[in-house]
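The file data.tsv contains TSV, C-alpha atoms and all ligand atoms:
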chain	number	residue	atom	x	y	z
A	911	MET	CA	-30.48	10.00	19.29
A	912	LYS	CA	-32.32	13.20	20.03
A	913	ILE	CA	-34.60	13.39	23.09
A	914	ILE	CA	-37.65	15.60	22.66
A	915	THR	CA	-39.96	16.44	25.54
A	916	ARG	CA	-42.15	19.12	23.95
A	917	ILE	CA	-45.11	18.29	21.71
A	918	SER	CA	-44.56	21.39	19.54
A	919	GLN	CA	-40.93	20.45	18.87
A	920	MET	CA	-41.81	16.81	18.15
A	921	GLN	CA	-44.56	17.85	15.76
A	922	ARG	CA	-42.31	20.34	13.96
A	923	TRP	CA	-39.69	17.62	13.42
A	924	ALA	CA	-42.37	15.16	12.29
A	925	LEU	CA	-43.95	17.52	9.77
A	926	LYS	CA	-40.53	18.19	8.27
A	927	HIS	CA	-39.54	14.52	7.96
A	928	ARG	CA	-42.77	12.58	7.47
A	929	SER	CA	-42.56	12.51	3.67
A	930	GLN	CA	-39.45	10.34	4.03
A	931	GLY	CA	-41.27	7.81	6.24
A	932	ILE	CA	-41.44	7.74	10.01
A	933	GLY	CA	-41.83	4.49	11.93
A	934	PHE	CA	-43.09	4.74	15.50
A	935	VAL	CA	-42.83	2.53	18.59
A	936	PRO	CA	-44.98	3.88	21.45
A	937	THR	CA	-44.04	2.49	24.87
A	938	MET	CA	-44.44	3.15	28.55
A	939	GLY	CA	-40.75	2.41	29.13
A	940	ALA	CA	-39.28	-0.35	31.33
A	941	LEU	CA	-38.08	-1.72	28.03
A	942	HIS	CA	-37.39	-5.39	27.38
A	943	ASP	CA	-36.60	-7.54	24.34
A	944	GLY	CA	-40.24	-7.44	23.26
A	945	HIS	CA	-40.00	-3.66	22.82
A	946	LEU	CA	-36.61	-3.98	21.18
A	947	SER	CA	-37.98	-6.41	18.59
A	948	LEU	CA	-40.49	-3.69	17.64
A	949	VAL	CA	-37.75	-1.09	17.48
A	950	ARG	CA	-35.62	-3.33	15.23
A	951	ALA	CA	-38.50	-3.93	12.82
A	952	CYS	CA	-39.26	-0.20	12.84
A	953	ARG	CA	-35.62	0.66	12.17
A	954	LYS	CA	-35.49	-1.77	9.26
A	955	GLU	CA	-38.72	-0.73	7.58
A	956	ASN	CA	-38.63	3.05	7.83
A	957	ARG	CA	-36.28	5.92	7.06
A	958	PHE	CA	-36.71	7.28	10.60
A	959	CYS	CA	-37.45	5.47	13.85
A	960	VAL	CA	-39.18	7.34	16.66
A	961	ALA	CA	-39.84	5.72	20.05
A	962	SER	CA	-41.86	7.27	22.84
A	963	ILE	CA	-41.81	6.69	26.56
A	964	PHE	CA	-44.87	7.93	28.41
A	965	VAL	CA	-46.54	6.22	31.35
A	966	ASN	CA	-50.06	7.22	30.42
A	967	PRO	CA	-52.12	7.96	33.54
A	968	SER	CA	-55.45	7.81	31.72
A	969	GLN	CA	-55.16	4.07	30.98
A	970	PHE	CA	-54.82	3.12	34.65
A	971	GLY	CA	-57.98	2.73	36.71
A	972	PRO	CA	-58.30	3.63	40.38
A	973	GLY	CA	-56.29	1.18	42.52
A	974	GLU	CA	-54.17	0.02	39.56
A	975	ASP	CA	-50.38	0.21	39.44
A	976	LEU	CA	-49.81	3.71	37.94
A	977	LYS	CA	-47.75	4.87	40.94
A	978	ASN	CA	-45.59	1.75	41.05
A	979	TYR	CA	-45.30	1.18	37.31
A	980	PRO	CA	-41.57	0.56	36.68
A	981	ARG	CA	-39.76	3.69	35.53
A	982	THR	CA	-36.25	2.97	34.25
A	983	PHE	CA	-35.51	5.94	32.03
A	984	SER	CA	-31.69	5.82	32.07
A	985	ALA	CA	-31.58	2.14	31.14
A	986	ASP	CA	-34.30	2.64	28.50
A	987	LYS	CA	-32.42	5.57	26.97
A	988	ALA	CA	-29.22	3.48	26.73
A	989	LEU	CA	-31.10	0.62	25.02
A	990	LEU	CA	-32.74	2.92	22.47
A	991	LEU	CA	-29.44	4.64	21.76
A	992	LYS	CA	-27.85	1.25	21.08
A	993	GLU	CA	-30.70	0.40	18.69
A	994	LYS	CA	-29.99	3.65	16.79
A	995	VAL	CA	-33.40	5.16	17.37
A	996	ASP	CA	-33.48	8.64	15.79
A	997	ILE	CA	-35.84	10.38	18.20
A	998	LEU	CA	-36.98	9.52	21.71
A	999	PHE	CA	-40.17	11.41	22.51
A	1000	TYR	CA	-40.43	11.69	26.29
A	1001	PRO	CA	-43.20	14.08	27.32
A	1002	GLY	CA	-44.41	14.73	30.86
A	1003	ALA	CA	-47.99	14.18	32.00
A	1004	ARG	CA	-48.85	17.90	31.98
A	1005	GLU	CA	-47.49	18.28	28.48
A	1006	MET	CA	-49.81	15.50	27.27
A	1007	TYR	CA	-52.79	16.35	29.47
A	1008	PRO	CA	-52.77	20.10	30.19
A	1009	ASP	CA	-55.46	21.67	32.36
A	1010	GLY	CA	-58.76	21.62	30.55
A	1011	PHE	CA	-58.14	18.40	28.61
A	1012	GLN	CA	-61.53	16.78	28.00
A	1013	THR	CA	-61.48	14.60	24.93
A	1014	GLU	CA	-62.23	10.90	24.97
A	1015	VAL	CA	-61.57	8.35	22.23
A	1016	ARG	CA	-63.82	5.40	22.82
A	1017	VAL	CA	-63.76	2.24	20.75
A	1018	LYS	CA	-66.96	0.42	21.58
A	1019	GLU	CA	-67.51	-3.33	21.26
A	1020	LEU	CA	-63.89	-4.39	20.78
A	1021	ALA	CA	-62.95	-2.72	24.05
A	1022	HIS	CA	-65.75	-4.24	26.14
A	1023	GLY	CA	-64.72	-7.86	26.69
A	1024	LEU	CA	-61.49	-9.49	27.94
A	1025	CYS	CA	-59.34	-6.84	29.66
A	1026	GLY	CA	-61.98	-4.18	29.00
A	1027	ALA	CA	-64.42	-6.02	31.27
A	1028	CYS	CA	-61.98	-5.94	34.22
A	1029	ARG	CA	-60.36	-2.59	33.42
A	1030	PRO	CA	-63.25	-0.38	32.26
A	1031	VAL	CA	-61.24	2.82	31.61
A	1032	HIS	CA	-58.17	1.14	30.16
A	1033	PHE	CA	-58.83	1.13	26.42
A	1034	THR	CA	-60.37	4.60	26.39
A	1035	GLY	CA	-57.10	5.84	27.88
A	1036	VAL	CA	-55.03	3.82	25.42
A	1037	ALA	CA	-57.03	4.97	22.39
A	1038	ALA	CA	-56.80	8.64	23.42
A	1039	VAL	CA	-53.08	8.63	24.06
A	1040	VAL	CA	-52.28	6.65	20.91
A	1041	ALA	CA	-54.43	9.01	18.82
A	1042	LYS	CA	-52.56	11.96	20.34
A	1043	LEU	CA	-49.19	10.31	19.76
A	1044	PHE	CA	-50.12	9.54	16.13
A	1045	ASN	CA	-50.95	13.22	15.58
A	1046	ILE	CA	-47.76	14.34	17.27
A	1047	VAL	CA	-45.33	11.87	15.67
A	1048	GLN	CA	-47.02	11.60	12.23
A	1049	PRO	CA	-45.78	8.06	11.54
A	1050	SER	CA	-46.54	6.05	8.43
A	1051	ARG	CA	-46.17	2.82	10.41
A	1052	ALA	CA	-46.64	2.08	14.13
A	1053	TYR	CA	-45.53	-1.04	15.95
A	1054	PHE	CA	-47.29	-3.00	18.69
A	1055	GLY	CA	-46.75	-6.37	20.37
A	1056	ALA	CA	-49.22	-9.27	20.07
A	1057	LYS	CA	-49.04	-9.93	23.81
A	1058	ASP	CA	-51.43	-6.98	24.14
A	1059	TYR	CA	-53.63	-8.46	21.42
A	1060	GLN	CA	-56.84	-6.67	22.36
A	1061	GLN	CA	-54.97	-3.37	22.50
A	1062	ALA	CA	-53.65	-3.99	18.98
A	1063	VAL	CA	-57.14	-4.76	17.65
A	1064	VAL	CA	-58.61	-1.68	19.38
A	1065	ILE	CA	-55.86	0.58	17.99
A	1066	LYS	CA	-56.24	-0.85	14.51
A	1067	ARG	CA	-59.99	-0.15	14.63
A	1068	MET	CA	-59.42	3.36	16.00
A	1069	ALA	CA	-56.85	4.12	13.28
A	1070	GLN	CA	-59.23	2.88	10.62
A	1071	ASP	CA	-62.31	4.66	12.00
A	1072	LEU	CA	-60.50	7.99	12.45
A	1073	ASN	CA	-58.69	7.72	9.09
A	1074	PHE	CA	-55.14	7.79	10.36
A	1075	PRO	CA	-53.05	6.92	7.28
A	1076	ILE	CA	-50.88	4.62	9.37
A	1077	GLY	CA	-50.01	0.94	8.94
A	1078	ILE	CA	-50.50	-0.86	12.24
A	1079	ARG	CA	-47.88	-3.58	12.54
A	1080	VAL	CA	-48.39	-6.21	15.22
A	1081	LEU	CA	-45.40	-8.41	15.90
A	1082	ASP	CA	-45.22	-11.71	17.74
A	1083	THR	CA	-44.98	-11.95	21.48
A	1084	VAL	CA	-41.38	-12.33	22.57
A	1085	ARG	CA	-40.95	-14.96	25.28
A	1086	GLU	CA	-38.39	-15.83	27.89
A	1087	LYS	CA	-36.72	-19.22	27.37
A	1088	ASP	CA	-39.26	-20.84	29.70
A	1089	GLY	CA	-42.20	-19.45	27.72
A	1090	LEU	CA	-43.19	-16.48	29.90
A	1091	ALA	CA	-44.30	-13.58	27.71
A	1092	MET	CA	-42.00	-10.61	28.17
A	1093	SER	CA	-43.72	-7.77	29.99
A	1094	SER	CA	-42.61	-4.75	31.98
A	1095	ARG	CA	-44.79	-6.08	34.81
A	1096	ASN	CA	-42.62	-9.22	35.12
A	1097	LYS	CA	-40.33	-6.95	37.14
A	1098	TYR	CA	-42.87	-7.10	39.99
A	1099	LEU	CA	-42.56	-10.89	40.38
A	1100	SER	CA	-40.74	-12.33	43.37
A	1101	ARG	CA	-38.48	-15.32	42.72
A	1102	PRO	CA	-41.11	-17.95	43.61
A	1103	GLU	CA	-43.71	-16.04	41.57
A	1104	ARG	CA	-41.37	-15.83	38.61
A	1105	MET	CA	-41.04	-19.62	38.75
A	1106	LYS	CA	-44.81	-20.04	38.54
A	1107	ALA	CA	-45.40	-17.45	35.82
A	1108	PRO	CA	-44.48	-19.67	32.80
A	1109	LEU	CA	-47.41	-21.91	33.74
A	1110	ILE	CA	-49.66	-19.39	32.00
A	1111	TYR	CA	-48.02	-20.22	28.68
A	1112	LEU	CA	-47.93	-23.93	29.53
A	1113	SER	CA	-51.65	-23.89	30.22
A	1114	MET	CA	-52.23	-22.49	26.74
A	1115	LEU	CA	-50.03	-25.15	25.15
A	1116	TYR	CA	-52.06	-27.69	27.12
A	1117	ALA	CA	-55.20	-26.31	25.46
A	1118	GLN	CA	-53.53	-26.68	22.08
A	1119	GLU	CA	-52.76	-30.33	22.95
A	1120	LEU	CA	-56.36	-30.96	24.00
A	1121	LEU	CA	-57.54	-29.46	20.75
A	1122	ARG	CA	-55.18	-31.77	18.90
A	1123	ASP	CA	-56.82	-34.64	20.79
A	1124	GLY	CA	-60.15	-33.54	19.34
A	1125	ILE	CA	-61.65	-31.33	22.09
A	1126	LYS	CA	-63.12	-28.38	20.21
A	1127	ASP	CA	-65.74	-27.31	22.73
A	1128	ALA	CA	-64.66	-23.89	24.07
A	1129	ARG	CA	-66.32	-24.42	27.47
A	1130	LYS	CA	-64.43	-27.70	28.02
A	1131	LEU	CA	-61.14	-26.17	26.93
A	1132	LYS	CA	-61.57	-23.16	29.21
A	1133	GLU	CA	-62.46	-25.41	32.14
A	1134	ALA	CA	-59.38	-27.56	31.53
A	1135	VAL	CA	-57.09	-24.52	31.35
A	1136	GLY	CA	-58.69	-23.16	34.53
A	1137	GLU	CA	-58.12	-26.44	36.39
A	1138	PHE	CA	-54.51	-26.46	35.22
A	1139	LEU	CA	-53.82	-22.89	36.33
A	1140	ARG	CA	-55.94	-22.43	39.44
A	1141	PRO	CA	-53.59	-24.09	41.97
A	1142	PHE	CA	-50.77	-21.71	41.02
A	1143	VAL	CA	-52.41	-18.32	40.58
A	1144	ALA	CA	-53.97	-15.91	43.06
A	1145	LYS	CA	-56.89	-15.00	40.81
A	1146	ILE	CA	-58.08	-15.56	37.26
A	1147	ASP	CA	-59.66	-12.52	35.60
A	1148	TYR	CA	-60.56	-14.47	32.47
A	1149	ILE	CA	-59.75	-17.44	30.31
A	1150	GLU	CA	-61.47	-16.74	27.04
A	1151	LEU	CA	-61.67	-18.19	23.56
A	1152	VAL	CA	-62.55	-15.57	20.99
A	1153	CYS	CA	-62.55	-14.87	17.29
A	1154	PRO	CA	-59.22	-13.08	16.65
A	1155	GLU	CA	-60.87	-10.48	14.44
A	1156	ASN	CA	-63.96	-9.33	16.33
A	1157	LEU	CA	-62.96	-10.68	19.78
A	1158	ARG	CA	-66.40	-12.26	20.26
A	1159	PRO	CA	-66.41	-15.44	22.37
A	1160	VAL	CA	-66.63	-18.65	20.35
A	1161	ALA	CA	-68.52	-21.79	21.45
A	1162	THR	CA	-66.49	-24.15	19.28
A	1163	ILE	CA	-62.96	-23.69	18.02
A	1164	GLY	CA	-63.05	-22.46	14.43
A	1165	ARG	CA	-60.18	-22.59	11.99
A	1166	VAL	CA	-58.25	-20.09	14.10
A	1167	SER	CA	-59.31	-18.94	17.56
A	1168	LEU	CA	-57.54	-16.80	20.11
A	1169	LEU	CA	-57.04	-18.17	23.58
A	1170	ALA	CA	-56.50	-15.23	25.94
A	1171	ILE	CA	-55.77	-15.29	29.66
A	1172	ALA	CA	-55.47	-12.65	32.38
A	1173	CYS	CA	-54.56	-13.78	35.86
A	1174	TYR	CA	-52.72	-12.71	38.97
A	1175	ILE	CA	-49.48	-14.31	40.08
A	1176	GLY	CA	-49.28	-12.95	43.60
A	1177	LYS	CA	-50.34	-9.30	43.19
A	1178	THR	CA	-49.13	-9.04	39.61
A	1179	ARG	CA	-51.67	-9.13	36.82
A	1180	LEU	CA	-50.28	-10.83	33.73
A	1181	ILE	CA	-51.88	-11.38	30.34
A	1182	ASP	CA	-50.99	-13.69	27.49
A	1183	ASN	CA	-52.58	-15.24	24.41
A	1184	ILE	CA	-51.94	-17.70	21.62
A	1185	THR	CA	-53.82	-18.59	18.49
A	1186	LEU	CA	-55.23	-22.11	18.52
A	1187	THR	CA	-55.33	-23.58	15.06
A	1188	LEU	CA	-57.43	-26.29	13.48
A	1189	PRO	CA	-56.31	-28.80	12.38
A	1190	ALA	CA	-53.97	-28.40	15.33
A	1191	GLY	CA	-50.36	-28.55	14.26
A	1192	ARG	CA	-47.87	-30.39	16.42
A	1193	GLN	CA	-45.97	-28.01	18.65
A	1194	ALA	CA	-42.78	-28.54	20.53
A	1195	PHE	CA	-43.36	-28.10	24.26
A	1196	PHE	CA	-41.38	-24.87	24.21
A	1197	PRO	CA	-41.66	-23.77	20.61
A	1198	LEU	CA	-39.17	-21.18	19.48
A	1199	PRO	CA	-40.86	-17.79	19.36
A	1200	ARG	CA	-42.47	-17.38	15.95
A	1201	ARG	CA	-42.07	-14.04	14.26
A	1202	GLY	CA	-44.36	-11.97	12.15
A	1203	ARG	CA	-47.92	-12.62	13.36
A	1204	GLU	CA	-49.71	-9.45	12.51
A	1205	VAL	CA	-53.08	-7.86	12.68
A	1206	ARG	CA	-53.64	-6.34	9.28
A	1207	GLY	CA	-53.47	-2.56	9.11
A	1208	ASP	CA	-54.91	-0.40	6.37
A	1209	GLY	CA	-53.01	-1.53	3.32
A	1210	GLU	CA	-50.01	-2.14	5.56
A	1211	GLY	CA	-48.75	-4.60	8.03
A	1212	THR	CA	-49.59	-7.75	6.14
B	1	LIG	O1	-48.62	-0.98	25.29
B	1	LIG	C1	-48.23	0.06	25.87
B	1	LIG	O2	-47.09	0.17	26.30
B	1	LIG	C2	-49.19	1.22	26.04
B	1	LIG	O3	-50.49	0.77	26.25
B	1	LIG	C3	-49.15	2.24	24.89
B	1	LIG	C4	-49.57	1.62	23.56
B	1	LIG	C5	-47.75	2.82	24.75
B	1	LIG	C6	-50.11	3.40	25.17
B	1	LIG	O4	-49.81	4.03	26.36

Write the structure described by the file as structure tokens, please.
Ligand code: PAF
Amino acid sequence: MKIITRISQMQRWALKHRSQGIGFVPTMGALHDGHLSLVRACRKENRFCVASIFVNPSQFGPGEDLKNYPRTFSADKALLLKEKVDILFYPGAREMYPDGFQTEVRVKELAHGLCGACRPVHFTGVAAVVAKLFNIVQPSRAYFGAKDYQQAVVIKRMAQDLNFPIGIRVLDTVREKDGLAMSSRNKYLSRPERMKAPLIYLSMLYAQELLRDGIKDARKLKEAVGEFLRPFVAKIDYIELVCPENLRPVATIGRVSLLAIACYIGKTRLIDNITLTLPAGRQAFFPLPRRGREVRGDGEGT
């Protein structure tokens, strides 16, 4: 595995190899099995696999956890080496945002609700850095996790609107055995907090059960999930039921709706989501992680 820190060198390599097919997994490091599932899919589906590690300052708002965001480069490097990644792109902040940088990439409506409502600069920062990374790495496919569902939808829209010829592949959330969605931020949780954290997933399965019992009214479902979660969490940013394609809130559960939650366990903000389906299928209490849920990309990723 080659480590590249310079944009010019990365771009030179990419322009030379892109005709053979480059797959790309952008990350902010602190890698876990969720990231590795993306890397494995990327490895399998492309001639070359490029991963990036860059903790992108522009997607953190004032008072958010940029300074404390877990940085575990040596461990990350070892994991990527083991997964036979071809190139690790690892630029510094000044390399990505030199003096004079001014450009914004703003996706409008899709970035306004859910996390966008609580983190107003977040998706503008994500869209800009991902657009830059796409231009630098020149992938034909890029891989994202469904835990960050809104991010995936925003990136897919951005890629389509700006004509990036890139298939956006969105793979299922990978969960711990107790249902907690894997996230780099789980590292912040104390032991008692870690024990509470799976309740987020349980609350969503509870909603699925209520739906199976015939409750289709979104307000009632959100209230029930809120009542379930409230005793265990420090704060709920949102519990929302939306259309999975346009992310607009729904009043009644349609054939498929997305239930999305953001809440604080202690000081740690965690997000998760599941699709609620009608007619609701029976689910085991801790279903095995399903694979392959994807947001469709342009002619790719289906
Ligand atoms: O999901 C992440 O890790 C980040 O938001 C991303 C896509 C790498 C952009 O910084």

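Take the candidates A:Leu1139, A:Leu1043, A:Val960, A:Ala988 and check each one against ligand LIG 1 (chain B) using all atoms listed in the file; the shortest distance goes to A:Leu1043.
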
Where's the centre, and what are the edge lengths in Å to one decimal, of a box along x, y and z enclosing all listed atoms of ligand LIG 1 (chain B) padded 5 Å per side, as lines of an AutoDock Vina configuration file?
center_x = -48.8
center_y = 1.5
center_z = 25.0
size_x = 13.4
size_y = 15.0
size_z = 12.8

Report task. Could you please extract the residues within 8 Å of ligand LIG 1 (chain B), counting all atoms listed in the file, and hand them back as number ranges by chain? Result -> A: 935-939, 962-966, 969, 1035-1037, 1039-1040, 1054-1055, 1058, 1061

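For the set A:Ala940, A:Ile1110, A:Ile1125, A:Ile1046, the residue with the smallest atom-to-atom gap to Ile1171 (chain A) is A:Ile1110, counting only C-alpha atoms.
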
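Closest to Leu990 (chain A) among A:Asp943, A:Val1084, A:Arg928, A:Ser1050 is A:Asp943, based on all atoms listed in the file.
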
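Using all atoms listed in the file, the nearest neighbour of Glu974 (chain A) within the list A:Cys1028, A:Val995, A:Val1064, A:Cys952 is A:Cys1028.
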
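Counting all atoms listed in the file and comparing A:Lys1177, A:Glu1103, A:Met1092, A:Glu1150, the residue that lies closest to Cys1025 (chain A) is A:Glu1150.
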
Query raised in the report: Smallest atom-to-atom distance to Thr1013 (chain A): which of A:Ala985, A:Ala1041, A:Leu998, A:Ala1056, using all atoms listed in the file?
Result: A:Ala1041

Near region 1159-1165 of chain A, 12 Å: region 1012-1097 of chain A residue rows, closest pairs, all atoms listed in the file, as CSV:
residue,atom,partner,partner_atom,distance
A:Leu1020,CA,A:Pro1159,CA,11.4
A:His1022,CA,A:Pro1159,CA,11.8
A:Gly1023,CA,A:Pro1159,CA,8.9
A:Leu1024,CA,A:Pro1159,CA,9.5

Query raised in the report: What does the distance from CA of Asn956 (chain A) to CA of Leu991 (chain A) come to in Å, to one decimal?
Result: 16.8 Å

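CA of Ser1100 (chain A) is found 22.1 Å from CA of Asp986 (chain A).
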
Query raised in the report: Hey, can you check how far CA of Pro1154 (chain A) sits from CA of Ser1167 (chain A)?
Result: 5.9 Å

**Report entry** Exercise: Arg1051 (chain A) partners within 6 Å, only C-alpha atoms, chain neighbours under 6 positions left out, as number ranges by chain
**Finding:** A: 933, 1076-1078

Report task. Give as JSON, numbers by chain every residue, naming chains and numbers as the document does, that has an atom within 8 Å of (-64.6, -7.3, 16.5), counting all atoms listed in the file. Result -> {"A": [1019, 1020, 1063, 1153, 1154, 1155, 1156, 1157, 1158]}
